[in-house]
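*Asks:* Below are the structure tokens for one structure; questions will follow.
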2 protein chains.
Amino acid sequence: MLRIGEVAARAGVSVRALRYYEEQGLLEAERTPSGQRRYPEGAVGRVRFIQQMYAAGLGSADVLEVLPCVHTGVATPEMLARLVEQRDGIDRQVAELTQARERLDEIIRIGEEHVPGARSVTASPRR
Amino acid sequence: MLRIGEVAARAGVSVRALRYYEEQGLLEAERTPSGQRRYPEGAVGRVRFIQQMYAAGLGSADVLEVLPCVHTGVATPEMLARLVEQRDGIDRQVAELTQARERLDEIIRIGEEHVPGARSVTASPRR
DNA sequence: CTAAGACCTCACGTTGACGTCAGAGTCAAC
DNA sequence: GTTGACTCTGACGTCAACGTGAGGTCTTAG
């Protein structure tokens with residue numbers, strides 16, 4: 001059983017963040033008689049997943065909806081629908097980002113033309 | 001010359017947003033003698049660009065750095081560097097999003113396996 | 001035994017991109 | 001000339017994911 005600081009360090013987040021996740025119902029912890037939190041090893045991966053979802057633009061409530069599937073590996077049709085919805089949301093985001101990237105690239109190309117002396121930091125082909 | 005409401009409608013943002021952009025130095029407007037803002041047609045496209053950059057995760061300050069190039073079409077080496085930096089930031093974001101998407105997809109697949117032809121939409125299974 | 005870290009619970013502060021309300025002036029139509 | 005839609009400037013509110021003390025308890029190495 002890990003202490004909160006240990007989990008935070010391994011997952012690359014702050015202690016405060018972990019307490020916040022608990023507050024949001026995203027992360028549970030056992031307690032020692034004195035009230036200190038103790039986490040199983042799996043908590044680290046769980047926290048990483050939460051971070052990943054945040055990075056994908058989901059809010060705490062969305063993550064909360066999605067988490068049961070991750071934990072149990074089983075999903076109701078409802079949950080599946082939500083998962084698919086979130087995935088599609090990410091897809092839309094990627095599309096937007098890609099558009100923005102194209103836009104910037106275009107500006108960069110034009111800029112390079114107009115400042116010929118500059119070291120050519122040519123556009124890396126998008127994967 | 002367009003009025004602020006017209007620009008807002010065409011660009012799909014709120015009037016408040018336009019005034020905020022002005023406050024941030026992202027969007028300039030002429031003024032009628034009575035003080036009302038009047039925008040040229042190009043403002044709509046400019047606003048769309050700003051929105052796109054926000055969607056890409058840039059803050060007002062970042063957009064402000066990038067905008068001169070868009071406007072003038074000319075870039076100093078410094079500006080180019082910033083542009084490239086922002087573009088790479090977007091690339092990193094896309095990578096993260098793609099990872100998150102994969103993760104969700106994986107969970108969806110597993111979930112589908114465990115609920116192959118289920119029709120229990122109504123009965124909430126007790127957890 | 002003791003001192004230094006870790007940890008605990010409030011609870012207020014932060015940041016960014018606006019929302020929203022108040023009170024007042026402006027413009028086009030009827 | 002008056003109504004009603006539009007606009008103006010402040011200025012406070014919002015929401016999310018934490019940051020940051022304050023004041024006190026726990027644990028453990030020496």
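By order of appearance in the structure tokens: chains A, B, ..., then residues from 1 within every chain, and ligands from 1 in the order shown.
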Least-squares superposition of chain B on chain A, every Cα paired in order: what RMSD, in Å?

*Replies:*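 The RMSD between chain B and chain A over C-alpha atoms is 6.3 Å.
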
*Asks:* Can you list every residue of chain A that has an atom at most 8 Å from chain C, with its nearest atom pair and the distance in Å to one decimal, using only C-alpha atoms (C1' of nucleotides), ordered by chain then number, as CSV?

*Replies:*
```
residue,atom,partner,partner_atom,distance
A:Gly5,CA,C:DA6,C1',7.7
A:Gly35,CA,C:DC8,C1',7.3
A:Gln36,CA,C:DC7,C1',6.5
```

*Asks:* Dump N, CA and C atoms for the selected residues as a PDB file, in the first residue's frame?

*Replies:*
```pdb
ATOM      1  N   GLY A   5       2.028  10.620  -1.212  1.00  0.00           N
ATOM      2  CA  GLY A   5       3.175  11.263  -1.848  1.00  0.00           C
ATOM      3  C   GLY A   5       3.835  10.353  -2.865  1.00  0.00           C
ATOM      4  N   GLY A  35      -6.172   7.935   9.757  1.00  0.00           N
ATOM      5  CA  GLY A  35      -6.812   8.735   8.719  1.00  0.00           C
ATOM      6  C   GLY A  35      -5.984   8.991   7.479  1.00  0.00           C
ATOM      7  N   GLN A  36      -4.798   8.458   7.431  1.00  0.00           N
ATOM      8  CA  GLN A  36      -3.965   8.683   6.243  1.00  0.00           C
ATOM      9  C   GLN A  36      -4.388   7.752   5.117  1.00  0.00           C
TER      10      GLN A  36
END
```

*Asks:* Per residue of chain A within 8 Å of chain D, record the nearest atom pair and its distance in Å to one decimal, counting only C-alpha atoms (C1' of nucleotides), with rows in chain order and ascending residue number, as CSV.

*Replies:*
```
residue,atom,partner,partner_atom,distance
A:Arg16,CA,D:DC18,C1',7.2
A:Ala17,CA,D:DC18,C1',6.3
A:Tyr20,CA,D:DC18,C1',7.6
A:Ser34,CA,D:DC26,C1',7.5
A:Gly59,CA,D:DA16,C1',7.9
```

*Asks:* Would you save the residues from that selection as a compact mmCIF listing (two decimals), in the first residue's frame, using N, CA and C atoms?

*Replies:*
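Dumped everything to result.txt:
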```txt
# COMPACT_ATOMS: atom_id res chain seq x y z
N ARG A 16 -2.07 17.38 -3.96
CA ARG A 16 -3.36 18.08 -3.97
C ARG A 16 -4.28 17.51 -5.04
N ALA A 17 -3.71 17.21 -6.19
CA ALA A 17 -4.50 16.67 -7.29
C ALA A 17 -5.16 15.35 -6.87
N TYR A 20 -8.00 15.96 -4.72
CA TYR A 20 -9.07 16.50 -5.56
C TYR A 20 -9.79 15.39 -6.31
N SER A 34 -5.34 6.23 11.64
CA SER A 34 -5.13 7.65 11.93
C SER A 34 -5.68 8.55 10.83
N GLY A 59 -14.13 16.56 -18.72
CA GLY A 59 -14.23 17.09 -17.38
C GLY A 59 -14.33 15.96 -16.38
```

*Asks:* Within 8 Å of chain A, which residues belong to chain B? Use only C-alpha atoms and report them as a PyMOL selection string.

*Replies:* chain B and resi 52-53+55-56+69-70+73-77+80+83-84+87+90-91+94+96-98+100-101+104-105+107-108+110-112+114-115+118-121

*Asks:* How would you write, as a PyMOL selection string, the set of residues in chain B that DSSP gives as strand (DSSP E or B)?

*Replies:* chain B and resi 2+30-31+37-39

*Asks:* If you run DSSP on the backbone, which residues of chain B are alpha helix (DSSP H), as a PyMOL selection string?

*Replies:* chain B and resi 4-11+15-23+42-55+60-72+77-114
